[in-house]
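Step one of this worksheet: look at the structure below.
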Amino acid sequence: MTPRFLSRWSLWILRLTRRLWLRVTLFALLAVGTAALAILVEGLLPEALSRRVTEAAVLPILTILASGMLAVSTFSLNVMVTAHNAAAGQTTPRVHRVLLADTTTHTVLATFIGAFVYALSAIILFKAGAYPAGAAVIVLAITVAVVVLVVLALLRWIHHLSDLGSLDATLATIEAATRPCLMRARHLPALGAEVLGPDTVLPDAARAIPAPATGHVQVIDMPGLHALCKETGTRLYLYARPGDYVVEGKTIGHAAGPRDVSPEAIARRLTISAHRSFDQDAGYGLLVLSETAARALSPGINDPGTAIGVIERLERLLLDWARAQPREAAPLFAGVFLPDTSREALIENAFAQAARDGAGQIEVAERLRAALLRLSDVPDPALAAAARGMAARALDHAEAALSLESERARLRATGNGISFLS
């Protein structure tokens, strides 16, 4: 798997492409340019063809297209908002940012609005007398192509609406957003930097690096930090990973080298925001899934089946993570030190809420214990130890919450006959 390194500019571009308005704007600009294209190529058409297709034949089609696309665009935006609100109500409000990055919705809405802008632009150019006499042929040909695109977009939208906002589709979307970041963290420990561990010795002359703002570390620009350290001969020791909460002015690292590196230069390579993101934060997706299980287990919803389904997704993600092999090569960003992914944090984010909220339901507690026992036998020793600790904690919760001794005995016996990893 090829890791993806996010610099400041690539992060800006990546987040820009996730904006709904971007594709809509691009399609609208393309529509205006396409409508004006007829002015430039009108002289290339045969005169007989230009006389056959007139403005009167094209304008009614453009009018129908403009009015129809305006209604469809408004309806589709309303459906999108309703579906997103329904998904957030079933899972967690944090899922809204994942759903907003849905490229299918972006493309379909951009097609509808682009078709509306094209038709409106062509009507305006006709009414203003900007089109020459034979331009109607070009406009008609472009309009037919736009109608084909609209029909394809409608078919795609109908298929997408069949599960938009549904619980299963939303959970699959969260899992799909979680997996790439989680696997990158496995394949590339410490984001490609040298691992900052308990045995790392900090130079005596190291200077403290304060946090530039209060919030969650979203992205660390590893190529940028590496280039800065290489240019100045600095060794940089960062204690905060993506997902960690930092407070402005508090020390988040140290720098040591022959030349002073300004904290502002390092701060420009850290993205800190009020909320966490899926870009480099390996545990965030696990936490979002875990919040869905907690909501399903709340007294107002009482849906243990959804909680069990979430536990299965979390187990699958962590089993795949544990089976994957880290890179054997030397660190890609020598001179930058960063802590590796905390196995305890992964297990805590994934299962702590289900262990507490599902303790009184034997079917949930039993499935959770089986998942944790399987994870306690994975090849990664630290993850296995964290899973064993969480299994013991979940058992303590269940022992206190279950009222029947037979259910407590059944839960203690969970693990017998489970097929563990070799």
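In the structure tokens, each chain is lettered A, B, ... as it comes, each chain's residues begin at 1, and ligands are numbered from 1 in order of appearance.
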
Applying 7 Å and only C-alpha atoms, which residues near range 353-357 of chain A remain after dropping the ones on its own chain fewer than 5 positions away? List them as an mmCIF file with C-alpha atoms, in the first residue's frame.
```cif
data_model
loop_
_atom_site.group_PDB
_atom_site.id
_atom_site.type_symbol
_atom_site.label_atom_id
_atom_site.label_comp_id
_atom_site.auth_asym_id
_atom_site.auth_seq_id
_atom_site.Cartn_x
_atom_site.Cartn_y
_atom_site.Cartn_z
ATOM 1 C CA SER A 290 -18.155 3.389 18.714
ATOM 2 C CA ALA A 293 -22.947 1.660 19.031
ATOM 3 C CA ALA A 294 -23.401 3.768 22.173
ATOM 4 C CA LEU A 297 -27.622 1.043 23.177
ATOM 5 C CA ALA A 365 -21.573 -8.216 26.158
ATOM 6 C CA ALA A 394 -15.840 -5.284 29.900
ATOM 7 C CA HIS A 397 -18.887 -3.949 33.725
#
```

Selection: 6 Å around Cys181 in chain A, only C-alpha atoms, excl. self and same-chain fewer than 3 positions, as a PyMOL selection string: chain A and resi 178+184+280+282

May I have the selected residues written with N, CA and C atoms, as an mmCIF file, in the first residue's frame?
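Just written: again.cif:
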```cif
data_model
loop_
_atom_site.group_PDB
_atom_site.id
_atom_site.type_symbol
_atom_site.label_atom_id
_atom_site.label_comp_id
_atom_site.auth_asym_id
_atom_site.auth_seq_id
_atom_site.Cartn_x
_atom_site.Cartn_y
_atom_site.Cartn_z
ATOM 1 N N THR A 178 -12.527 5.189 7.487
ATOM 2 C CA THR A 178 -11.598 4.842 8.569
ATOM 3 C C THR A 178 -10.449 3.972 8.078
ATOM 4 N N ARG A 184 -2.691 3.126 6.832
ATOM 5 C CA ARG A 184 -1.476 3.924 6.660
ATOM 6 C C ARG A 184 -0.698 4.016 7.957
ATOM 7 N N GLN A 280 -5.374 11.940 8.997
ATOM 8 C CA GLN A 280 -4.245 11.207 9.569
ATOM 9 C C GLN A 280 -4.563 10.599 10.926
ATOM 10 N N ALA A 282 -5.773 8.037 13.091
ATOM 11 C CA ALA A 282 -6.120 6.623 12.926
ATOM 12 C C ALA A 282 -7.266 6.185 13.828
#
```

Could you list, as a ChimeraX atom specification, every residue within 10 Å of Ala265 in chain A, counting only C-alpha atoms and ignoring same-chain residues fewer than 4 positions away? /A:224-225,228,261,269-270

Output N, CA and C atoms for every residue in that selection, as an mmCIF file, in the first residue's frame.
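Writing done, so here's selection_37.cif:
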```cif
data_model
loop_
_atom_site.group_PDB
_atom_site.id
_atom_site.type_symbol
_atom_site.label_atom_id
_atom_site.label_comp_id
_atom_site.auth_asym_id
_atom_site.auth_seq_id
_atom_site.Cartn_x
_atom_site.Cartn_y
_atom_site.Cartn_z
ATOM 1 N N GLY A 224 7.062 18.710 4.917
ATOM 2 C CA GLY A 224 7.468 20.072 5.242
ATOM 3 C C GLY A 224 8.369 20.136 6.455
ATOM 4 N N LEU A 225 8.029 19.375 7.497
ATOM 5 C CA LEU A 225 8.878 19.355 8.691
ATOM 6 C C LEU A 225 10.241 18.748 8.381
ATOM 7 N N LEU A 228 12.323 21.272 6.577
ATOM 8 C CA LEU A 228 12.761 22.309 7.506
ATOM 9 C C LEU A 228 13.917 21.821 8.370
ATOM 10 N N VAL A 261 15.168 27.312 15.046
ATOM 11 C CA VAL A 261 14.003 27.205 14.171
ATOM 12 C C VAL A 261 12.846 27.888 14.882
ATOM 13 N N ARG A 269 3.290 24.128 9.771
ATOM 14 C CA ARG A 269 3.228 22.753 9.253
ATOM 15 C C ARG A 269 2.349 21.846 10.111
ATOM 16 N N LEU A 270 1.630 22.454 11.026
ATOM 17 C CA LEU A 270 0.662 21.728 11.852
ATOM 18 C C LEU A 270 -0.725 22.310 11.595
#
```

A:Val378, A:Ala31, A:Leu317, A:Leu404: which is nearest Arg179 in chain A, counting only C-alpha atoms? A:Leu317

Could you pull the residues within 12 Å of Leu164 in chain A, counting only C-alpha atoms, minus those fewer than 5 positions along the same chain, as number ranges by chain? A: 76, 79-88, 99-100, 102, 104-105, 157-159, 169-173

Kindly give the distance, in Å, that separates CA of Gly197 in chain A and CA of Tyr239 in chain A, rounded to a single decimal.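 CA of Tyr239 in chain A lies at a distance of 10.0 Å from CA of Gly197 in chain A.
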
Pull the alpha helix (DSSP H) assignments for range 77-280 of chain A out of DSSP run on the backbone, and list those residues as a ChimeraX atom specification. /A:77-90,96-99,103-127,135-161,167-187,222-232,263-267

Rank nothing, just name the residue among A:Leu289, A:Leu29, A:Val137, A:Val150 nearest to Ala176 in chain A, using only C-alpha atoms.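 Once distances to Ala176 in chain A are computed over only C-alpha atoms, the minimum belongs to A:Leu289.
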
Backbone-only DSSP, strand (DSSP E) members of range 153-393 of chain A, as a PyMOL selection string: chain A and resi 193-195+207-210+215-220+235-238+245-246+251-256+270-273+333-338

Writer output for current selection, C-alpha atoms, as a PDB file, in the first residue's frame:
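Output below, filename again.pdb:
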```pdb
ATOM      1  CA  ALA A 193       9.247   9.701  11.175  1.00  0.00           C
ATOM      2  CA  GLU A 194      11.617   8.126  13.660  1.00  0.00           C
ATOM      3  CA  VAL A 195       9.642   6.564  16.501  1.00  0.00           C
ATOM      4  CA  ARG A 207      14.233  24.223  22.918  1.00  0.00           C
ATOM      5  CA  ALA A 208      10.549  23.879  23.785  1.00  0.00           C
ATOM      6  CA  ILE A 209       8.000  24.173  20.982  1.00  0.00           C
ATOM      7  CA  PRO A 210       4.654  25.632  22.164  1.00  0.00           C
ATOM      8  CA  GLY A 215      -7.686  22.329  19.476  1.00  0.00           C
ATOM      9  CA  HIS A 216      -7.126  18.927  17.915  1.00  0.00           C
ATOM     10  CA  VAL A 217      -4.100  18.221  15.762  1.00  0.00           C
ATOM     11  CA  GLN A 218      -5.613  17.235  12.421  1.00  0.00           C
ATOM     12  CA  VAL A 219      -2.646  16.910  10.068  1.00  0.00           C
ATOM     13  CA  ILE A 220       1.125  17.066  10.434  1.00  0.00           C
ATOM     14  CA  ARG A 235      16.194  17.386  15.193  1.00  0.00           C
ATOM     15  CA  LEU A 236      12.523  17.808  16.022  1.00  0.00           C
ATOM     16  CA  TYR A 237      10.749  15.849  18.766  1.00  0.00           C
ATOM     17  CA  LEU A 238       6.947  16.136  18.626  1.00  0.00           C
ATOM     18  CA  TYR A 245      -5.859  17.802  21.911  1.00  0.00           C
ATOM     19  CA  VAL A 246      -3.347  20.591  22.522  1.00  0.00           C
ATOM     20  CA  THR A 251       4.805  22.449  25.083  1.00  0.00           C
ATOM     21  CA  ILE A 252       4.085  19.945  22.319  1.00  0.00           C
ATOM     22  CA  GLY A 253       7.684  19.181  21.370  1.00  0.00           C
ATOM     23  CA  HIS A 254      11.326  20.153  21.448  1.00  0.00           C
ATOM     24  CA  ALA A 255      13.809  21.164  18.760  1.00  0.00           C
ATOM     25  CA  ALA A 256      17.595  20.818  18.909  1.00  0.00           C
ATOM     26  CA  LEU A 270       0.662  21.728  11.852  1.00  0.00           C
ATOM     27  CA  THR A 271      -3.082  21.886  11.152  1.00  0.00           C
ATOM     28  CA  ILE A 272      -5.013  22.420  14.389  1.00  0.00           C
ATOM     29  CA  SER A 273      -8.790  22.714  14.442  1.00  0.00           C
ATOM     30  CA  PHE A 333      11.690  11.539   7.549  1.00  0.00           C
ATOM     31  CA  ALA A 334      14.913  11.225   9.501  1.00  0.00           C
ATOM     32  CA  GLY A 335      15.430  13.963  12.053  1.00  0.00           C
ATOM     33  CA  VAL A 336      11.729  14.136  12.964  1.00  0.00           C
ATOM     34  CA  PHE A 337      10.582  12.095  15.955  1.00  0.00           C
ATOM     35  CA  LEU A 338       6.937  11.247  16.574  1.00  0.00           C
TER      36      LEU A 338
END
```

List as a ChimeraX atom specification the protein and nucleic acid residues near Leu188 in chain A, meaning an atom at most 9 Å away when only C-alpha atoms are counted, but skip any in the same chain fewer than 5 places from it. /A:3,183,193,326-327,331

Which one is closest to Ser121 in chain A: A:Leu59, A:Val247, A:Ala386, A:His226? Count only C-alpha atoms. A:Leu59

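Of the listed residues (A:Pro379, A:Pro132, A:Pro242, A:Pro223), A:Pro379 comes nearest to Leu319 in chain A; the distances count only C-alpha atoms.
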
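Across the structure, CA of Thr306 in chain A and CA of Glu363 in chain A are spaced 11.7 Å apart.
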
Tell me, as a PyMOL selection string, which residues lie within 12 Å of Asp320 in chain A, counting only C-alpha atoms; anything in the same chain fewer than 2 positions away does not count. chain A and resi 179-180+182-184+186-187+313-318+322-325+375+378-380+421

Save out the residues we just selected, C-alpha atoms, as an mmCIF file, in the first residue's frame.
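What landed in result.cif:
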```cif
data_model
loop_
_atom_site.group_PDB
_atom_site.id
_atom_site.type_symbol
_atom_site.label_atom_id
_atom_site.label_comp_id
_atom_site.auth_asym_id
_atom_site.auth_seq_id
_atom_site.Cartn_x
_atom_site.Cartn_y
_atom_site.Cartn_z
ATOM 1 C CA ARG A 179 -9.755 2.016 6.830
ATOM 2 C CA PRO A 180 -7.243 3.967 4.668
ATOM 3 C CA LEU A 182 -5.845 3.170 9.902
ATOM 4 C CA MET A 183 -3.858 1.070 7.451
ATOM 5 C CA ARG A 184 -1.476 3.924 6.660
ATOM 6 C CA ARG A 186 0.102 0.476 10.382
ATOM 7 C CA HIS A 187 2.223 0.420 7.243
ATOM 8 C CA ARG A 313 -16.981 -3.764 11.905
ATOM 9 C CA LEU A 314 -14.551 -2.581 14.576
ATOM 10 C CA GLU A 315 -13.202 -6.094 15.046
ATOM 11 C CA ARG A 316 -12.705 -6.503 11.287
ATOM 12 C CA LEU A 317 -10.835 -3.195 11.036
ATOM 13 C CA LEU A 318 -8.498 -3.988 13.921
ATOM 14 C CA ALA A 322 -2.951 -6.276 13.132
ATOM 15 C CA ARG A 323 -2.396 -8.659 10.207
ATOM 16 C CA ALA A 324 -0.787 -5.957 8.067
ATOM 17 C CA GLN A 325 2.983 -5.653 8.207
ATOM 18 C CA LEU A 375 -7.997 -9.462 19.276
ATOM 19 C CA VAL A 378 -3.215 -10.973 17.284
ATOM 20 C CA PRO A 379 0.458 -10.816 16.238
ATOM 21 C CA ASP A 380 0.890 -7.263 17.580
ATOM 22 C CA LEU A 421 -5.517 -16.334 14.969
#
```

Polymer residues at most 12 Å from Ile113 in chain A, only C-alpha atoms, same-chain spacing of 4 or more positions, as a JSON list (two decimals) with N, CA and C atoms, in the first residue's frame:
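The resulting file, part.json, is shown below:
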```json
[["chain", "number", "residue", "atom", "x", "y", "z"],
["A", 20, "LEU", "N", -18.80, 20.81, -1.64],
["A", 20, "LEU", "CA", -19.90, 20.65, -2.60],
["A", 20, "LEU", "C", -19.90, 21.76, -3.63],
["A", 21, "TRP", "N", -19.61, 22.99, -3.20],
["A", 21, "TRP", "CA", -19.72, 24.12, -4.11],
["A", 21, "TRP", "C", -18.67, 24.09, -5.22],
["A", 23, "ARG", "N", -17.48, 21.59, -7.29],
["A", 23, "ARG", "CA", -17.91, 20.96, -8.54],
["A", 23, "ARG", "C", -19.07, 21.72, -9.17],
["A", 24, "VAL", "N", -19.94, 22.23, -8.31],
["A", 24, "VAL", "CA", -21.06, 23.00, -8.83],
["A", 24, "VAL", "C", -20.55, 24.23, -9.57],
["A", 25, "THR", "N", -19.57, 24.91, -8.99],
["A", 25, "THR", "CA", -19.00, 26.10, -9.63],
["A", 25, "THR", "C", -18.30, 25.75, -10.94],
["A", 26, "LEU", "N", -17.54, 24.66, -10.92],
["A", 26, "LEU", "CA", -16.83, 24.26, -12.15],
["A", 26, "LEU", "C", -17.81, 23.90, -13.25],
["A", 27, "PHE", "N", -18.86, 23.16, -12.91],
["A", 27, "PHE", "CA", -19.86, 22.80, -13.91],
["A", 27, "PHE", "C", -20.58, 24.05, -14.42],
["A", 28, "ALA", "N", -20.83, 25.00, -13.52],
["A", 28, "ALA", "CA", -21.52, 26.22, -13.94],
["A", 28, "ALA", "C", -20.65, 27.03, -14.90],
["A", 29, "LEU", "N", -19.35, 27.14, -14.59],
["A", 29, "LEU", "CA", -18.44, 27.85, -15.49],
["A", 29, "LEU", "C", -18.33, 27.15, -16.84],
["A", 30, "LEU", "N", -18.27, 25.81, -16.78],
["A", 30, "LEU", "CA", -18.23, 25.04, -18.03],
["A", 30, "LEU", "C", -19.50, 25.26, -18.84],
["A", 31, "ALA", "N", -20.63, 25.36, -18.15],
["A", 31, "ALA", "CA", -21.90, 25.56, -18.85],
["A", 31, "ALA", "C", -21.93, 26.90, -19.56],
["A", 32, "VAL", "N", -21.44, 27.95, -18.88],
["A", 32, "VAL", "CA", -21.42, 29.27, -19.50],
["A", 32, "VAL", "C", -20.49, 29.27, -20.72],
["A", 65, "LEU", "N", -35.62, 22.69, -20.14],
["A", 65, "LEU", "CA", -34.44, 22.22, -19.41],
["A", 65, "LEU", "C", -34.14, 23.11, -18.22],
["A", 66, "ALA", "N", -34.23, 24.43, -18.40],
["A", 66, "ALA", "CA", -33.92, 25.35, -17.31],
["A", 66, "ALA", "C", -34.91, 25.20, -16.16],
["A", 67, "SER", "N", -36.20, 25.18, -16.47],
["A", 67, "SER", "CA", -37.21, 25.08, -15.40],
["A", 67, "SER", "C", -37.16, 23.71, -14.71],
["A", 68, "GLY", "N", -36.96, 22.67, -15.52],
["A", 68, "GLY", "CA", -36.89, 21.33, -14.94],
["A", 68, "GLY", "C", -35.68, 21.13, -14.04],
["A", 69, "MET", "N", -34.52, 21.62, -14.48],
["A", 69, "MET", "CA", -33.31, 21.44, -13.67],
["A", 69, "MET", "C", -33.33, 22.27, -12.40],
["A", 70, "LEU", "N", -33.99, 23.43, -12.44],
["A", 70, "LEU", "CA", -34.12, 24.23, -11.22],
["A", 70, "LEU", "C", -34.93, 23.46, -10.17],
["A", 71, "ALA", "N", -36.03, 22.85, -10.60],
["A", 71, "ALA", "CA", -36.86, 22.08, -9.66],
["A", 71, "ALA", "C", -36.12, 20.85, -9.15],
["A", 72, "VAL", "N", -35.44, 20.15, -10.06],
["A", 72, "VAL", "CA", -34.72, 18.94, -9.65],
["A", 72, "VAL", "C", -33.58, 19.28, -8.70],
["A", 73, "SER", "N", -32.86, 20.37, -8.96],
["A", 73, "SER", "CA", -31.75, 20.76, -8.09],
["A", 73, "SER", "C", -32.25, 21.09, -6.70],
["A", 74, "THR", "N", -33.33, 21.85, -6.61],
["A", 74, "THR", "CA", -33.89, 22.22, -5.31],
["A", 74, "THR", "C", -34.36, 20.98, -4.55],
["A", 75, "PHE", "N", -35.05, 20.08, -5.26],
["A", 75, "PHE", "CA", -35.53, 18.85, -4.63],
["A", 75, "PHE", "C", -34.36, 17.99, -4.15],
["A", 76, "SER", "N", -33.32, 17.87, -4.97],
["A", 76, "SER", "CA", -32.18, 17.03, -4.62],
["A", 76, "SER", "C", -31.43, 17.57, -3.41],
["A", 77, "LEU", "N", -31.27, 18.89, -3.33],
["A", 77, "LEU", "CA", -30.62, 19.48, -2.16],
["A", 77, "LEU", "C", -31.44, 19.21, -0.90],
["A", 106, "HIS", "N", -22.02, 15.07, -4.95],
["A", 106, "HIS", "CA", -21.43, 16.28, -5.52],
["A", 106, "HIS", "C", -21.60, 16.30, -7.04],
["A", 107, "THR", "N", -21.26, 15.19, -7.69],
["A", 107, "THR", "CA", -21.29, 15.14, -9.15],
["A", 107, "THR", "C", -22.70, 15.27, -9.69],
["A", 108, "VAL", "N", -23.64, 14.59, -9.05],
["A", 108, "VAL", "CA", -25.02, 14.63, -9.52],
["A", 108, "VAL", "C", -25.60, 16.04, -9.38],
["A", 109, "LEU", "N", -25.41, 16.65, -8.21],
["A", 109, "LEU", "CA", -25.93, 18.00, -8.01],
["A", 109, "LEU", "C", -25.25, 18.99, -8.95],
["A", 117, "VAL", "N", -27.69, 26.15, -15.40],
["A", 117, "VAL", "CA", -26.92, 27.35, -15.76],
["A", 117, "VAL", "C", -26.69, 27.40, -17.26],
["A", 118, "TYR", "N", -26.41, 26.25, -17.88],
["A", 118, "TYR", "CA", -26.21, 26.23, -19.34],
["A", 118, "TYR", "C", -27.46, 26.69, -20.07],
["A", 119, "ALA", "N", -28.60, 26.10, -19.70],
["A", 119, "ALA", "CA", -29.85, 26.44, -20.39],
["A", 119, "ALA", "C", -30.19, 27.91, -20.19],
["A", 120, "LEU", "N", -30.01, 28.41, -18.95],
["A", 120, "LEU", "CA", -30.31, 29.81, -18.67],
["A", 120, "LEU", "C", -29.38, 30.74, -19.45],
["A", 146, "VAL", "N", -26.19, 17.66, -23.22],
["A", 146, "VAL", "CA", -26.51, 18.00, -21.83],
["A", 146, "VAL", "C", -27.68, 17.14, -21.33],
["A", 149, "LEU", "N", -26.41, 13.77, -20.42],
["A", 149, "LEU", "CA", -25.72, 13.81, -19.12],
["A", 149, "LEU", "C", -26.72, 13.89, -17.97],
["A", 150, "VAL", "N", -27.78, 14.65, -18.16],
["A", 150, "VAL", "CA", -28.79, 14.79, -17.11],
["A", 150, "VAL", "C", -29.50, 13.46, -16.87],
["A", 153, "ALA", "N", -27.20, 11.23, -14.99],
["A", 153, "ALA", "CA", -27.11, 11.68, -13.60],
["A", 153, "ALA", "C", -28.37, 11.31, -12.82]]
```

Shortest interatomic distance to Ala190 in chain A - which of A:Thr103, A:Asn349, A:Thr234, A:Ser342, counting only C-alpha atoms: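 Selected residue with least distance to Ala190 in chain A: A:Ser342.
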
In Å and to one decimal, CA of Glu399 in chain A is distant from CA of Gly283 in chain A by 28.0 Å

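Shortest separation to Gly33 in chain A among A:Ile142, A:Leu152, A:Ala101, A:Met222 occurs at residue A:Ile142, atoms counted being only C-alpha atoms.
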